[in-house]
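Trainee: Below is the file query.cif, with mmCIF, C-alpha atoms.
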```cif
data_model
loop_
_atom_site.label_atom_id
_atom_site.label_comp_id
_atom_site.auth_asym_id
_atom_site.auth_seq_id
_atom_site.Cartn_x
_atom_site.Cartn_y
_atom_site.Cartn_z
CA MET A 1 -77.57 -47.95 -11.70
CA LYS A 2 -79.96 -49.48 -9.20
CA LEU A 3 -83.12 -47.48 -9.77
CA ASP A 4 -85.76 -50.21 -9.72
CA GLY A 5 -88.68 -48.97 -7.66
CA ARG A 6 -87.25 -45.48 -7.26
CA ARG A 7 -89.47 -42.41 -7.57
CA GLU A 8 -90.13 -40.96 -11.01
CA SER A 9 -90.17 -37.19 -11.40
CA ASP A 10 -93.41 -35.45 -12.33
CA ASN A 11 -91.40 -32.77 -14.15
CA VAL A 12 -91.11 -34.62 -17.45
CA GLU A 13 -92.87 -33.41 -20.59
CA ASP A 14 -92.96 -36.04 -23.32
CA VAL A 15 -93.58 -34.44 -26.71
CA ARG A 16 -91.97 -37.18 -28.77
CA GLY A 17 -93.84 -37.81 -31.98
CA GLN A 18 -95.35 -34.34 -31.97
CA SER A 19 -94.53 -31.66 -34.49
CA GLY A 20 -91.50 -29.53 -33.73
CA GLY A 21 -93.38 -26.66 -35.32
CA GLY A 22 -92.07 -25.87 -38.79
CA GLY A 23 -88.47 -26.14 -39.92
CA LEU A 24 -85.67 -27.30 -37.71
CA GLY A 25 -83.57 -24.20 -38.20
CA GLY A 26 -83.09 -21.45 -35.65
CA SER A 27 -80.68 -21.55 -32.78
CA PRO A 28 -81.23 -22.11 -29.08
CA PHE A 29 -77.73 -20.70 -28.59
CA GLY A 30 -78.17 -17.18 -29.84
CA ARG A 31 -79.60 -14.36 -27.76
CA GLY A 32 -81.77 -16.82 -25.83
CA GLY A 33 -78.70 -18.56 -24.49
CA GLY A 34 -78.80 -22.36 -24.40
CA PHE A 35 -76.28 -24.70 -22.78
CA ARG A 36 -75.62 -28.06 -24.35
CA ILE A 37 -73.69 -31.28 -24.58
CA PRO A 38 -71.74 -31.04 -27.88
CA MET A 39 -72.56 -33.35 -30.75
CA GLY A 40 -69.22 -32.82 -32.42
CA GLY A 41 -69.70 -29.60 -34.31
CA GLY A 42 -71.93 -26.99 -35.84
CA GLY A 43 -72.97 -26.19 -39.35
CA ARG A 44 -73.65 -23.92 -42.27
CA ARG A 45 -76.81 -23.76 -44.30
CA ALA A 46 -77.49 -27.16 -45.74
CA GLY A 47 -79.69 -28.48 -48.48
CA GLY A 48 -83.18 -29.66 -47.60
CA GLY A 49 -84.20 -33.19 -46.83
CA LEU A 50 -81.40 -34.18 -44.45
CA GLY A 51 -82.19 -36.92 -41.94
CA ILE A 52 -80.82 -36.94 -38.39
CA GLY A 53 -77.79 -39.02 -39.37
CA GLY A 54 -76.99 -36.70 -42.27
CA ILE A 55 -77.27 -33.65 -40.04
CA VAL A 56 -74.82 -35.14 -37.54
CA VAL A 57 -72.33 -35.88 -40.32
CA LEU A 58 -72.72 -32.34 -41.64
CA LEU A 59 -72.05 -30.93 -38.20
CA LEU A 60 -68.87 -32.99 -37.88
CA ILE A 61 -67.66 -31.75 -41.26
CA CYS A 62 -68.30 -28.14 -40.32
CA TRP A 63 -66.33 -28.57 -37.11
CA ALA A 64 -63.49 -29.97 -39.20
CA LEU A 65 -63.60 -26.82 -41.31
CA GLY A 66 -63.01 -24.71 -38.23
CA ILE A 67 -66.54 -23.34 -37.89
CA ASN A 68 -67.36 -22.57 -34.27
CA PRO A 69 -71.12 -22.99 -33.78
CA LEU A 70 -71.18 -23.30 -30.02
CA THR A 71 -72.47 -20.05 -28.66
CA LEU A 72 -73.41 -21.09 -25.17
CA LEU A 73 -74.32 -17.87 -23.45
CA ASN A 74 -76.64 -14.93 -23.95
CA GLY A 75 -75.73 -12.50 -26.74
CA GLY A 76 -73.53 -14.83 -28.76
CA GLY A 77 -72.90 -14.44 -32.43
CA GLY A 78 -72.97 -18.04 -33.63
CA SER A 79 -75.88 -20.12 -34.81
CA MET A 80 -76.91 -23.65 -35.48
CA PRO A 81 -77.67 -24.62 -39.08
CA SER A 82 -80.77 -23.42 -40.87
CA PHE A 83 -82.36 -25.83 -43.31
CA ASP A 84 -84.10 -25.03 -46.56
CA ASP A 85 -86.73 -27.67 -45.89
CA THR A 86 -89.26 -25.87 -43.69
CA SER A 87 -91.89 -28.57 -43.76
CA THR A 88 -93.25 -29.87 -40.50
CA GLN A 89 -91.59 -33.09 -39.39
CA THR A 90 -93.02 -35.60 -36.98
CA GLY A 91 -91.77 -38.83 -35.51
CA GLN A 92 -93.39 -41.96 -34.17
CA SER A 93 -95.03 -41.56 -30.82
CA ALA A 94 -93.18 -43.40 -28.06
CA PRO A 95 -94.96 -45.55 -25.50
CA ALA A 96 -96.16 -43.52 -22.53
CA ASN A 97 -93.97 -45.45 -20.09
CA ASP A 98 -91.13 -46.76 -22.22
CA GLU A 99 -87.93 -47.82 -20.49
CA MET A 100 -85.92 -44.72 -21.41
CA LYS A 101 -88.59 -42.32 -20.21
CA VAL A 102 -88.84 -44.17 -16.91
CA PHE A 103 -85.07 -44.13 -16.49
CA MET A 104 -84.76 -40.43 -17.29
CA SER A 105 -87.65 -39.66 -14.94
CA GLN A 106 -85.95 -41.58 -12.15
CA VAL A 107 -82.60 -39.90 -12.71
CA LEU A 108 -84.28 -36.49 -12.76
CA ALA A 109 -86.03 -37.36 -9.49
CA GLU A 110 -82.68 -38.24 -7.92
CA THR A 111 -81.22 -34.89 -9.02
CA GLU A 112 -84.24 -33.13 -7.51
CA ASP A 113 -83.75 -34.83 -4.15
CA THR A 114 -80.01 -34.16 -4.13
CA TRP A 115 -80.14 -30.49 -5.05
CA LYS A 116 -83.10 -29.73 -2.81
CA GLY A 117 -81.10 -31.10 0.10
CA ILE A 118 -77.95 -29.18 -0.83
CA PHE A 119 -79.85 -25.91 -1.30
CA GLN A 120 -81.70 -26.35 1.99
CA SER A 121 -78.40 -26.88 3.80
CA GLN A 122 -77.32 -23.48 2.43
CA GLY A 123 -80.54 -21.75 3.43
CA MET A 124 -81.83 -21.62 -0.15
CA GLN A 125 -84.77 -23.11 -2.04
CA TYR A 126 -84.26 -25.20 -5.15
CA GLN A 127 -86.75 -24.92 -7.98
CA ASP A 128 -87.02 -28.08 -10.08
CA PRO A 129 -86.33 -27.82 -13.81
CA LYS A 130 -88.52 -29.49 -16.40
CA LEU A 131 -87.23 -32.20 -18.74
CA VAL A 132 -88.65 -32.17 -22.26
CA LEU A 133 -88.25 -35.36 -24.31
CA PHE A 134 -88.62 -34.74 -28.04
CA THR A 135 -87.95 -36.22 -31.46
CA GLN A 136 -86.46 -34.44 -34.49
CA GLY A 137 -87.29 -30.86 -33.49
CA VAL A 138 -88.62 -28.78 -30.64
CA ARG A 139 -89.42 -25.17 -29.81
CA SER A 140 -87.95 -23.74 -26.63
CA ALA A 141 -87.81 -20.28 -25.09
CA CYS A 142 -84.23 -20.17 -26.41
CA GLY A 143 -85.32 -20.85 -29.98
CA GLN A 144 -85.99 -23.82 -32.22
CA ALA A 145 -83.67 -26.83 -32.10
CA SER A 146 -83.21 -30.11 -33.94
CA SER A 147 -82.04 -33.49 -32.76
CA ALA A 148 -78.57 -32.63 -34.05
CA THR A 149 -78.35 -29.86 -31.49
CA GLY A 150 -77.76 -32.35 -28.69
CA PRO A 151 -79.18 -32.10 -25.17
CA PHE A 152 -79.41 -28.53 -23.90
CA TYR A 153 -80.65 -26.40 -21.02
CA CYS A 154 -82.62 -23.24 -21.72
CA PRO A 155 -82.45 -20.78 -18.79
CA ASN A 156 -85.29 -18.73 -20.28
CA ASP A 157 -87.85 -21.43 -19.50
CA GLN A 158 -85.75 -23.51 -17.06
CA ARG A 159 -86.17 -26.63 -19.17
CA ILE A 160 -83.78 -29.33 -20.29
CA TYR A 161 -84.38 -30.56 -23.85
CA LEU A 162 -83.36 -34.07 -24.82
CA ASP A 163 -83.86 -36.30 -27.83
CA THR A 164 -83.04 -39.71 -26.37
CA ASN A 165 -81.65 -40.79 -29.76
CA PHE A 166 -78.60 -38.80 -28.63
CA PHE A 167 -77.67 -41.75 -26.43
CA THR A 168 -77.42 -43.98 -29.50
CA GLU A 169 -74.99 -41.45 -30.98
CA LEU A 170 -73.12 -41.26 -27.68
CA SER A 171 -72.69 -45.03 -27.58
CA GLN A 172 -72.12 -45.88 -31.24
CA LYS A 173 -70.17 -42.85 -32.47
CA PHE A 174 -68.44 -41.68 -29.31
CA GLY A 175 -67.87 -45.01 -27.55
CA ALA A 176 -69.63 -43.93 -24.37
CA SER A 177 -72.22 -46.51 -23.39
CA GLY A 178 -73.89 -47.45 -20.12
CA ASP A 179 -76.80 -46.17 -18.07
CA PHE A 180 -74.65 -43.95 -15.88
CA ALA A 181 -73.14 -42.31 -18.97
CA GLN A 182 -76.71 -41.37 -19.87
CA ALA A 183 -77.38 -40.20 -16.32
CA TYR A 184 -74.25 -38.04 -16.47
CA VAL A 185 -75.58 -36.25 -19.56
CA LEU A 186 -78.80 -35.33 -17.76
CA ALA A 187 -76.95 -34.45 -14.54
CA HIS A 188 -74.66 -32.13 -16.53
CA GLU A 189 -77.65 -30.23 -17.94
CA VAL A 190 -79.19 -30.09 -14.48
CA GLY A 191 -75.84 -28.60 -13.44
CA HIS A 192 -76.56 -25.67 -15.75
CA HIS A 193 -79.92 -25.25 -14.03
CA VAL A 194 -78.13 -25.17 -10.69
CA GLN A 195 -75.84 -22.45 -12.06
CA ASN A 196 -78.91 -20.51 -13.12
CA GLN A 197 -80.51 -20.94 -9.69
CA LEU A 198 -77.34 -19.73 -7.99
CA GLY A 199 -77.22 -16.64 -10.19
CA ILE A 200 -74.00 -17.69 -11.89
CA LEU A 201 -75.33 -17.71 -15.45
CA PRO A 202 -76.77 -14.16 -15.33
CA LYS A 203 -73.45 -12.85 -14.01
CA VAL A 204 -71.50 -14.66 -16.72
CA ASN A 205 -73.89 -13.37 -19.38
CA GLN A 206 -73.26 -9.82 -18.22
CA MET A 207 -69.49 -10.29 -18.11
CA ARG A 208 -69.19 -11.76 -21.58
CA GLN A 209 -70.62 -8.67 -23.28
CA SER A 210 -67.19 -7.05 -23.07
CA LEU A 211 -65.11 -10.15 -23.86
CA SER A 212 -63.40 -11.11 -27.10
CA GLU A 213 -64.31 -14.34 -28.89
CA ARG A 214 -61.27 -16.06 -27.40
CA GLU A 215 -62.17 -14.84 -23.91
CA ASN A 216 -65.78 -15.89 -24.42
CA ASN A 217 -64.66 -19.39 -25.34
CA ALA A 218 -62.51 -19.55 -22.21
CA MET A 219 -65.44 -18.38 -20.10
CA SER A 220 -67.69 -20.99 -21.68
CA VAL A 221 -65.16 -23.68 -20.76
CA ARG A 222 -65.40 -22.63 -17.12
CA VAL A 223 -69.20 -22.73 -17.28
CA GLU A 224 -69.18 -26.23 -18.76
CA LEU A 225 -66.56 -27.62 -16.38
CA GLN A 226 -68.53 -26.35 -13.42
CA ALA A 227 -71.62 -28.15 -14.75
CA ASP A 228 -69.50 -31.31 -14.96
CA CYS A 229 -68.39 -30.77 -11.38
CA PHE A 230 -71.98 -30.30 -10.25
CA ALA A 231 -72.86 -33.54 -12.03
CA GLY A 232 -70.09 -35.17 -9.99
CA ILE A 233 -71.59 -33.83 -6.75
CA TRP A 234 -74.88 -35.44 -7.69
CA GLY A 235 -73.02 -38.65 -8.45
CA LYS A 236 -71.45 -38.66 -4.99
CA PHE A 237 -74.78 -38.36 -3.20
CA THR A 238 -76.27 -40.99 -5.49
CA ASP A 239 -73.40 -43.32 -4.63
CA GLN A 240 -73.95 -42.70 -0.92
CA LYS A 241 -77.52 -43.96 -1.39
CA GLY A 242 -76.09 -47.22 -2.73
CA LEU A 243 -77.57 -46.67 -6.18
CA LEU A 244 -74.39 -47.03 -8.26
CA ASP A 245 -73.06 -50.25 -9.69
CA THR A 246 -69.39 -51.12 -10.03
CA GLY A 247 -68.08 -49.31 -13.08
CA ASP A 248 -70.74 -46.59 -13.14
CA VAL A 249 -68.29 -43.80 -12.32
CA ASP A 250 -65.96 -45.06 -15.05
CA GLU A 251 -68.87 -44.82 -17.50
CA ALA A 252 -69.39 -41.16 -16.60
CA LEU A 253 -65.68 -40.39 -16.79
CA ASN A 254 -65.48 -42.05 -20.20
CA ALA A 255 -68.50 -40.09 -21.45
CA ALA A 256 -66.97 -36.84 -20.22
CA SER A 257 -63.71 -37.71 -21.97
CA GLN A 258 -65.31 -38.69 -25.27
CA ILE A 259 -67.01 -35.31 -25.65
CA GLY A 260 -64.00 -33.19 -24.72
CA ASP A 261 -63.16 -30.48 -27.26
CA ASP A 262 -59.73 -31.89 -28.04
CA THR A 263 -61.03 -35.41 -28.59
CA LEU A 264 -63.85 -34.22 -30.85
CA GLN A 265 -61.58 -32.01 -32.92
CA ARG A 266 -58.87 -34.64 -33.22
CA ARG A 267 -61.47 -37.18 -34.36
CA THR A 268 -62.99 -34.90 -36.99
CA GLN A 269 -60.06 -32.86 -38.30
CA GLY A 270 -56.94 -34.56 -37.05
CA TYR A 271 -55.65 -31.62 -35.00
CA VAL A 272 -56.86 -29.33 -32.22
CA VAL A 273 -57.35 -25.58 -31.94
CA PRO A 274 -57.22 -24.76 -28.21
CA ASP A 275 -58.46 -21.18 -28.63
CA SER A 276 -61.70 -22.56 -30.04
CA PHE A 277 -62.40 -24.85 -27.07
CA ASN A 278 -65.61 -23.98 -25.27
CA HIS A 279 -66.46 -27.14 -23.32
CA GLY A 280 -63.05 -28.19 -22.05
CA THR A 281 -60.61 -30.92 -22.92
CA SER A 282 -61.29 -34.56 -22.21
CA ALA A 283 -58.90 -34.46 -19.25
CA GLN A 284 -60.53 -31.32 -17.86
CA ARG A 285 -64.05 -32.67 -18.12
CA ALA A 286 -63.16 -35.96 -16.46
CA THR A 287 -61.12 -34.16 -13.78
CA TRP A 288 -63.88 -31.76 -12.81
CA PHE A 289 -66.53 -34.47 -12.71
CA LYS A 290 -64.26 -36.51 -10.46
CA ARG A 291 -63.54 -33.47 -8.29
CA GLY A 292 -67.24 -32.99 -7.64
CA PHE A 293 -67.69 -36.71 -7.05
CA ASP A 294 -64.83 -36.91 -4.57
CA SER A 295 -65.72 -33.73 -2.69
CA GLY A 296 -69.47 -33.28 -2.84
CA LYS A 297 -68.98 -29.58 -2.02
CA LEU A 298 -70.11 -26.60 -4.08
CA ALA A 299 -67.04 -24.62 -3.05
CA ASP A 300 -64.78 -27.15 -4.75
CA CYS A 301 -66.54 -26.55 -8.07
CA ASP A 302 -65.51 -22.90 -8.35
CA THR A 303 -64.07 -23.05 -11.85
CA PHE A 304 -64.07 -19.26 -12.09
CA ASN A 305 -61.51 -18.68 -9.34
CA LYS A 306 -59.43 -21.84 -9.66
CA PRO A 307 -57.11 -23.06 -12.42
CA VAL A 308 -58.97 -25.31 -14.83
#
```
If you took the structure in this file and wrote it as structure tokens, what would it be?

Mentor:
Amino acid sequence: MKLDGRRESDNVEDVRGQSGGGGLGGSPFGRGGGFRIPMGGGGRRAGGGLGIGGIVVLLLICWALGINPLTLLNGGGGSMPSFDDTSTQTGQSAPANDEMKVFMSQVLAETEDTWKGIFQSQGMQYQDPKLVLFTQGVRSACGQASSATGPFYCPNDQRIYLDTNFFTELSQKFGASGDFAQAYVLAHEVGHHVQNQLGILPKVNQMRQSLSERENNAMSVRVELQADCFAGIWGKFTDQKGLLDTGDVDEALNAASQIGDDTLQRRTQGYVVPDSFNHGTSAQRATWFKRGFDSGKLADCDTFNKPV
């Protein structure tokens, strides 16, 4: 991406190196309702003293065992792992203006400009979300989360939570590298904020109270694919500004594919369980991102009334 000299957002809270506040248990995906990029699975109670890498491995194993930890909407019954070690954990403080923070701030600023313009064209006002950069653990209005949770959006405080170490996992373990792959992750979470601003998430939360687990998973897929489509819309406007390099869109499409439910399950357990999908297949995620990128129209991202 060509972001040199571009505006940095003021809506970034950098709490890296600060205490996450006690243990890293608790779920941002229970009644609080968080929305996240999957890390490959969820978990059961684990023994104390696990590092970030060990947690990620544990999550992958639990996915392979068929445990469904991804409760993405309000009122869900799943949870992220609780850990016996409840000691406070801290990380090294990052430089105030390190390269990743600058990049994320610039990408967030571009999403702000894009969505403000789109909302204004529809006679609406867009409220900017906050981006919280953290290490190891963080408290949100949706609960406590660890680095293993992956990036997530909490509608209760309208904040996006991101441990930038996720991008190392994305590149090394999922084969999705590149700056626009990273931008896609943030744009996807901003897409959830857009859904919240449009009133989509509250309506979905109300609907899912009467749905079965299978129906809830299917509804979650539609929520996630729409966020991918919204990320594509942002990508289109960013491309029109001349900010994308050759190959950037392919980076986003690859990232979307690498974190599809089928790809993650096939990698961890050797087979797929479609009824357990709650983010969408690799093909679906790439398709809906591309649909938003090609169209640039909100109406074309209606995953709730169109076949997915």

Trainee: Could you state which residues are captured by the PyMOL selection byres ((chain A and resi 191) around 12) in this file, as a VMD selection string?

Mentor: chain A and resid 35 to 37 108 111 to 112 114 to 115 128 to 129 152 to 155 158 to 160 184 to 190 192 to 198 200 to 201 223 to 235 289 292 298 301

Trainee: Between atom CA of A:Ala109 and atom CA of A:Glu8, what is the spacing in Å?

Mentor: 5.7 Å

Trainee: So the first atom is atom CA of A:Asp179 and the second is atom CA of A:Glu251; what is the distance between them in Å, to one decimal place?

Mentor: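 That distance, rounded to one decimal, is 8.1 Å.
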
Trainee: Which residue, A:Gly199, A:Gly143, A:Gly17, A:Gly175, has the smallest gap to A:Leu253 when you use all atoms listed in the file?

Mentor: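 When distances to A:Leu253 are compared using all atoms listed in the file, the smallest one comes from A:Gly175.
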
Trainee: Please write the residues picked by the PyMOL selection byres ((chain A and resi 103) around 12) on this file as a VMD selection string.

Mentor: chain A and resid 1 to 9 12 97 to 102 104 to 110 164 179 to 180 182 to 183 186

Trainee: Give as a VMD selection string the residues that the PyMOL selection byres ((chain A and resi 166-169) around 10) matches when applied to the coordinates above.

Mentor: chain A and resid 37 39 53 56 147 to 151 162 to 165 170 to 179 181 to 182 185

Trainee: Figure out the distance between atom CA of A:Ser220 and atom CA of A:Ala256, please, to one decimal in Å.

Mentor: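 Distance reported for this atom pair: 15.9 Å.
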
Trainee: Generate the missing atoms of stretch 254-265 of chain A up to all heavy atoms and report them as a compact mmCIF listing (two decimals), keeping the file's coordinate frame.

Mentor:
```
# COMPACT_ATOMS: atom_id res chain seq x y z
N ASN A 254 -65.71 -41.77 -18.79
CA ASN A 254 -65.48 -42.05 -20.20
C ASN A 254 -66.34 -41.14 -21.07
O ASN A 254 -65.87 -40.61 -22.08
CB ASN A 254 -65.80 -43.51 -20.51
CG ASN A 254 -65.61 -43.84 -21.98
OD1 ASN A 254 -64.57 -43.57 -22.57
ND2 ASN A 254 -66.63 -44.43 -22.59
N ALA A 255 -67.61 -40.96 -20.68
CA ALA A 255 -68.50 -40.09 -21.45
C ALA A 255 -67.96 -38.67 -21.47
O ALA A 255 -67.94 -38.00 -22.51
CB ALA A 255 -69.91 -40.12 -20.88
N ALA A 256 -67.52 -38.19 -20.30
CA ALA A 256 -66.97 -36.84 -20.22
C ALA A 256 -65.74 -36.71 -21.12
O ALA A 256 -65.55 -35.68 -21.79
CB ALA A 256 -66.60 -36.51 -18.77
N SER A 257 -64.92 -37.74 -21.15
CA SER A 257 -63.71 -37.71 -21.97
C SER A 257 -64.01 -37.73 -23.45
O SER A 257 -63.38 -37.05 -24.26
CB SER A 257 -62.81 -38.90 -21.63
OG SER A 257 -62.35 -38.83 -20.29
N GLN A 258 -65.01 -38.53 -23.85
CA GLN A 258 -65.31 -38.69 -25.27
C GLN A 258 -65.89 -37.43 -25.90
O GLN A 258 -65.83 -37.26 -27.12
CB GLN A 258 -66.28 -39.87 -25.48
CG GLN A 258 -65.69 -41.22 -25.15
CD GLN A 258 -64.44 -41.53 -25.97
OE1 GLN A 258 -64.37 -41.20 -27.15
NE2 GLN A 258 -63.45 -42.15 -25.34
N ILE A 259 -66.44 -36.53 -25.09
CA ILE A 259 -67.01 -35.31 -25.65
C ILE A 259 -66.18 -34.09 -25.26
O ILE A 259 -66.67 -32.96 -25.28
CB ILE A 259 -68.49 -35.12 -25.22
CG1 ILE A 259 -68.64 -35.18 -23.71
CG2 ILE A 259 -69.37 -36.16 -25.90
CD1 ILE A 259 -70.07 -34.98 -23.23
N GLY A 260 -64.90 -34.30 -24.93
CA GLY A 260 -64.00 -33.19 -24.72
C GLY A 260 -63.68 -32.52 -26.06
O GLY A 260 -63.66 -33.17 -27.11
N ASP A 261 -63.43 -31.22 -26.02
CA ASP A 261 -63.16 -30.48 -27.26
C ASP A 261 -61.99 -31.04 -28.05
O ASP A 261 -62.04 -31.16 -29.27
CB ASP A 261 -62.87 -29.00 -26.93
CG ASP A 261 -64.11 -28.23 -26.54
OD1 ASP A 261 -65.19 -28.51 -27.09
OD2 ASP A 261 -64.00 -27.34 -25.67
N ASP A 262 -60.91 -31.39 -27.34
CA ASP A 262 -59.73 -31.89 -28.04
C ASP A 262 -60.00 -33.23 -28.71
O ASP A 262 -59.58 -33.47 -29.85
CB ASP A 262 -58.53 -31.97 -27.10
CG ASP A 262 -58.79 -32.82 -25.87
OD1 ASP A 262 -59.97 -33.00 -25.48
OD2 ASP A 262 -57.82 -33.32 -25.28
N THR A 263 -60.72 -34.10 -28.03
CA THR A 263 -61.03 -35.41 -28.59
C THR A 263 -61.93 -35.27 -29.81
O THR A 263 -61.72 -35.93 -30.84
CB THR A 263 -61.70 -36.30 -27.53
OG1 THR A 263 -60.79 -36.51 -26.46
CG2 THR A 263 -62.10 -37.65 -28.12
N LEU A 264 -62.94 -34.42 -29.72
CA LEU A 264 -63.85 -34.22 -30.85
C LEU A 264 -63.13 -33.62 -32.05
O LEU A 264 -63.32 -34.06 -33.19
CB LEU A 264 -65.01 -33.30 -30.43
CG LEU A 264 -66.03 -33.90 -29.46
CD1 LEU A 264 -67.03 -32.83 -29.01
CD2 LEU A 264 -66.77 -35.07 -30.08
N GLN A 265 -62.30 -32.63 -31.81
CA GLN A 265 -61.58 -32.01 -32.92
C GLN A 265 -60.56 -32.97 -33.54
O GLN A 265 -60.41 -33.02 -34.76
CB GLN A 265 -60.89 -30.72 -32.45
CG GLN A 265 -61.86 -29.60 -32.15
CD GLN A 265 -61.15 -28.28 -31.90
OE1 GLN A 265 -59.94 -28.16 -32.06
NE2 GLN A 265 -61.91 -27.28 -31.50
```
